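Chemist: My structure file input15.json, JSON, C-alpha atoms, is below:
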```
[["chain", "number", "residue", "atom", "x", "y", "z"],
["Q", 17, "MET", "CA", 84.86, 39.80, 160.54],
["Q", 18, "GLY", "CA", 85.08, 43.54, 159.89],
["Q", 19, "LYS", "CA", 88.31, 45.48, 159.62],
["Q", 20, "ARG", "CA", 89.02, 47.71, 162.53],
["Q", 21, "VAL", "CA", 89.47, 51.37, 161.54],
["Q", 22, "ARG", "CA", 91.15, 53.83, 163.87],
["Q", 23, "MET", "CA", 89.63, 57.29, 163.86],
["Q", 24, "LEU", "CA", 90.85, 60.57, 165.23],
["Q", 25, "ALA", "CA", 88.90, 63.76, 165.58],
["Q", 26, "ILE", "CA", 90.73, 66.92, 164.51],
["Q", 27, "ALA", "CA", 88.86, 70.12, 165.26],
["Q", 28, "GLY", "CA", 85.76, 68.00, 165.82],
["Q", 29, "VAL", "CA", 85.96, 66.32, 162.38],
["Q", 30, "PRO", "CA", 86.60, 62.57, 162.30],
["Q", 31, "VAL", "CA", 89.71, 61.59, 160.24],
["Q", 32, "LEU", "CA", 90.93, 58.12, 159.25],
["Q", 33, "LEU", "CA", 94.39, 57.64, 160.73],
["Q", 34, "GLY", "CA", 95.52, 55.39, 157.88],
["Q", 35, "ALA", "CA", 94.75, 58.12, 155.34],
["Q", 36, "LEU", "CA", 96.28, 60.98, 157.27],
["Q", 37, "THR", "CA", 99.77, 62.20, 156.50],
["Q", 38, "PHE", "CA", 101.24, 64.24, 159.28],
["Q", 39, "VAL", "CA", 103.40, 67.17, 158.26],
["Q", 40, "ALA", "CA", 105.99, 68.51, 160.62],
["Q", 41, "PRO", "CA", 105.32, 72.10, 161.63],
["Q", 42, "ALA", "CA", 107.31, 74.74, 159.77],
["Q", 43, "ALA", "CA", 110.53, 75.83, 161.40],
["Q", 44, "SER", "CA", 110.32, 79.05, 163.33],
["Q", 45, "ALA", "CA", 111.41, 82.27, 161.62],
["Q", 46, "ALA", "CA", 114.49, 82.42, 163.84],
["Q", 47, "ALA", "CA", 115.69, 79.01, 162.65],
["Q", 48, "ALA", "CA", 114.97, 79.65, 158.96],
["Q", 49, "PRO", "CA", 117.97, 80.69, 156.87],
["Q", 50, "ALA", "CA", 118.16, 84.40, 156.18],
["Q", 51, "ARG", "CA", 117.16, 85.57, 152.72],
["Q", 52, "ALA", "CA", 120.10, 86.56, 150.53],
["Q", 53, "LEU", "CA", 120.85, 90.27, 150.56],
["Q", 54, "PRO", "CA", 120.36, 91.84, 147.12],
["Q", 55, "CYS", "CA", 123.55, 92.63, 145.21],
["Q", 56, "ARG", "CA", 124.03, 94.20, 141.78],
["Q", 57, "ALA", "CA", 127.39, 95.43, 140.52],
["Q", 58, "THR", "CA", 128.32, 97.47, 137.46],
["Q", 59, "MET", "CA", 131.52, 99.08, 136.17],
["Q", 60, "SER", "CA", 131.84, 102.73, 135.15],
["Q", 61, "SER", "CA", 133.84, 101.42, 132.17],
["Q", 62, "SER", "CA", 134.28, 97.85, 131.00],
["Q", 63, "ARG", "CA", 137.42, 98.85, 128.99],
["Q", 64, "PRO", "CA", 139.40, 101.36, 131.12],
["Q", 65, "ALA", "CA", 142.81, 102.54, 129.99],
["Q", 66, "ASP", "CA", 145.87, 101.91, 132.14],
["Q", 67, "TYR", "CA", 146.60, 104.69, 134.66],
["Q", 68, "THR", "CA", 142.95, 105.72, 134.98],
["Q", 69, "THR", "CA", 140.34, 105.14, 137.69],
["Q", 70, "VAL", "CA", 137.38, 102.84, 137.18],
["Q", 71, "VAL", "CA", 134.46, 102.72, 139.65],
["Q", 72, "VAL", "CA", 132.53, 99.66, 140.79],
["Q", 73, "GLY", "CA", 128.92, 100.67, 141.41],
["Q", 74, "VAL", "CA", 127.08, 98.45, 143.90],
["Q", 75, "GLN", "CA", 123.37, 98.42, 144.65],
["Q", 76, "THR", "CA", 122.27, 96.56, 147.79],
["Q", 77, "ALA", "CA", 120.39, 97.19, 151.05],
["Q", 78, "ALA", "CA", 120.66, 100.49, 152.91],
["Q", 79, "TYR", "CA", 123.79, 100.80, 155.05],
["Q", 80, "ALA", "CA", 125.08, 97.32, 154.13],
["Q", 81, "ARG", "CA", 128.79, 96.52, 154.34],
["Q", 82, "VAL", "CA", 130.37, 96.21, 150.88],
["Q", 83, "THR", "CA", 133.64, 94.42, 150.08],
["Q", 84, "THR", "CA", 135.05, 94.29, 146.55],
["Q", 85, "VAL", "CA", 137.95, 92.11, 145.40],
["Q", 86, "ALA", "CA", 139.49, 92.77, 141.98],
["Q", 87, "HIS", "CA", 141.43, 89.73, 140.70],
["Q", 88, "TYR", "CA", 144.22, 90.97, 138.42],
["Q", 89, "ARG", "CA", 146.55, 88.55, 136.63],
["Q", 90, "THR", "CA", 149.26, 88.68, 139.33],
["Q", 91, "THR", "CA", 147.50, 90.10, 142.41],
["Q", 92, "SER", "CA", 144.13, 90.82, 144.02],
["Q", 93, "THR", "CA", 143.07, 94.15, 145.50],
["Q", 94, "THR", "CA", 140.37, 94.48, 148.19],
["Q", 95, "HIS", "CA", 138.37, 97.58, 149.13],
["Q", 96, "HIS", "CA", 135.73, 98.07, 151.85],
["Q", 97, "ARG", "CA", 132.86, 100.56, 151.84],
["Q", 98, "SER", "CA", 129.40, 101.03, 153.32],
["Q", 99, "ALA", "CA", 126.29, 101.52, 151.24],
["Q", 100, "ASP", "CA", 124.43, 104.78, 151.75],
["Q", 101, "ARG", "CA", 120.80, 105.06, 152.83],
["Q", 102, "SER", "CA", 119.62, 104.25, 149.29],
["Q", 103, "GLY", "CA", 121.82, 101.11, 149.21],
["Q", 104, "SER", "CA", 124.40, 102.52, 146.78],
["Q", 105, "ALA", "CA", 128.16, 102.24, 147.13],
["Q", 106, "HIS", "CA", 130.86, 103.44, 144.75],
["Q", 107, "VAL", "CA", 134.28, 101.80, 144.96],
["Q", 108, "PRO", "CA", 137.10, 103.35, 142.90],
["Q", 109, "TYR", "CA", 139.99, 101.27, 141.54],
["Q", 110, "TYR", "CA", 143.04, 102.98, 140.11],
["Q", 111, "ILE", "CA", 144.19, 100.98, 137.10],
["Q", 112, "SER", "CA", 147.94, 101.34, 137.01],
["Q", 113, "GLY", "CA", 149.94, 99.01, 134.77],
["Q", 114, "ALA", "CA", 147.38, 96.18, 134.72],
["Q", 115, "THR", "CA", 147.88, 93.52, 132.06],
["Q", 116, "PRO", "CA", 146.19, 94.82, 128.90],
["Q", 117, "GLY", "CA", 143.52, 92.46, 127.58],
["Q", 118, "TYR", "CA", 143.33, 90.41, 130.81],
["Q", 119, "LYS", "CA", 139.77, 90.16, 132.11],
["Q", 120, "VAL", "CA", 139.76, 91.38, 135.72],
["Q", 121, "ILE", "CA", 136.96, 89.73, 137.70],
["Q", 122, "VAL", "CA", 135.58, 91.83, 140.57],
["Q", 123, "ASP", "CA", 133.83, 89.82, 143.29],
["Q", 124, "VAL", "CA", 131.42, 91.83, 145.44],
["Q", 125, "TYR", "CA", 130.28, 90.73, 148.89],
["Q", 126, "VAL", "CA", 127.54, 92.52, 150.84],
["Q", 127, "GLY", "CA", 126.34, 92.00, 154.40],
["Q", 128, "LYS", "CA", 123.91, 93.46, 156.88],
["Q", 129, "GLY", "CA", 123.23, 91.74, 160.19],
["Q", 130, "THR", "CA", 123.00, 88.01, 159.50],
["Q", 131, "ARG", "CA", 122.07, 88.49, 155.84],
["Q", 132, "LYS", "CA", 124.73, 88.18, 153.15],
["Q", 133, "GLY", "CA", 124.84, 88.36, 149.37],
["Q", 134, "SER", "CA", 127.32, 88.43, 146.53],
["Q", 135, "CYS", "CA", 127.59, 89.35, 142.87],
["Q", 136, "GLN", "CA", 130.27, 89.87, 140.28],
["Q", 137, "THR", "CA", 131.33, 92.24, 137.51],
["Q", 138, "TRP", "CA", 134.45, 92.64, 135.36],
["Q", 139, "PHE", "CA", 136.58, 94.94, 133.25],
["Q", 140, "ILE", "CA", 139.36, 94.53, 130.68],
["Q", 141, "PRO", "CA", 142.21, 97.07, 130.91],
["Q", 142, "HIS", "CA", 143.87, 98.39, 127.73],
["Q", 143, "ARG", "CA", 146.84, 100.66, 126.96]]
```
Just give me the structure as structure tokens.

Modeler:
Amino acid sequence: MGKRVRMLAIAGVPVLLGALTFVAPAASAAAAPARALPCRATMSSSRPADYTTVVVGVQTAAYARVTTVAHYRTTSTTHHRSADRSGSAHVPYYISGATPGYKVIVDVYVGKGTRKGSCQTWFIPHR
């Protein structure tokens, strides 16, 4: 007695059903998660003196929202800006009596529409 084989024709070509692996169609572009927005942050000085101004330079997408959060030893300071048409934003931080030698982490968050991104930089104040 012969084995029964089920066949299916796809685009006119016969295919063995037992050997065929069906793959679910790809999700539509609307349902796919948005690509991360680019984010690159640099400091104008990694070792600023107390009572000076240091600038966080951010490179991202044109006209993106930019939020920076500097985490000092005893407090955090947040600033908001918008990137210009080239995707650049400059966020000044006045360094008053920050703890000398304490590494201040600056978190940077960028957003445009449904896309978001983040990056980080740092500086160490000194007297």

Chemist: For the atom pair atom CA of Gly127 of chain Q and atom CA of Ile111 of chain Q, what is the interatomic distance in Å to one decimal place?

Modeler: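 Separation of atom CA of Gly127 of chain Q and atom CA of Ile111 of chain Q: 26.4 Å.
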
Chemist: Between atom CA of Tyr118 of chain Q and atom CA of Thr76 of chain Q, what is the distance, to one decimal in Å?

Modeler: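 Atom-to-atom, atom CA of Tyr118 of chain Q and atom CA of Thr76 of chain Q are spaced 27.7 Å apart.
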
Chemist: Once you add 6 Å to each side, what are the centre and edge lengths of the axis-aligned box holding all listed atoms of segment 90-100 of chain Q? One decimal in Å, as AutoDock Vina command-line options, if you can.

Modeler:
```
--center_x 136.8 --center_y 96.7 --center_z 146.3 --size_x 36.8 --size_y 28.1 --size_z 26.0
```

Chemist: Residues within 12 Å of Thr93 of chain Q, please, as number ranges by chain. Count all atoms listed in the file; anything in the same chain fewer than 3 positions from it doesn't count.

Modeler: Q: 83-90, 96, 107-111, 114, 120-124

Chemist: Applying 8 Å and all atoms listed in the file, which residues near Ser61 of chain Q remain after dropping the ones on its own chain fewer than 4 positions away? List them as a list in words.

Modeler: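 Near neighbours after the sequence-gap exclusion: Val70, Val71 and Phe139 of chain Q.
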
Chemist: Point out the residue among Q:Val74, Q:Lys119, Q:Thr137, Q:Pro54 with the least atom-to-atom distance to His106 of chain Q, counting all atoms listed in the file.

Modeler: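 The shortest atom-to-atom distance to His106 of chain Q comes from Q:Val74.
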
Chemist: What's around Gly133 of chain Q at 7 Å? Count only C-alpha atoms, leave out sequence neighbours fewer than 4 positions away in its own chain, and write the answer as a PyMOL selection string.

Modeler: chain Q and resi 52-55+125-127

Chemist: Rank Q:Arg81, Q:Lys128, Q:His95, Q:His142 by their smallest atom-to-atom distance to Ser62 of chain Q, using all atoms listed in the file, and report the top residue only.

Modeler: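 Among the listed residues, the smallest separation from Ser62 of chain Q belongs to Q:His142.
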
Chemist: Separation of atom CA of Ala65 of chain Q and atom CA of Trp138 of chain Q, in Å?

Modeler: 14.0 Å
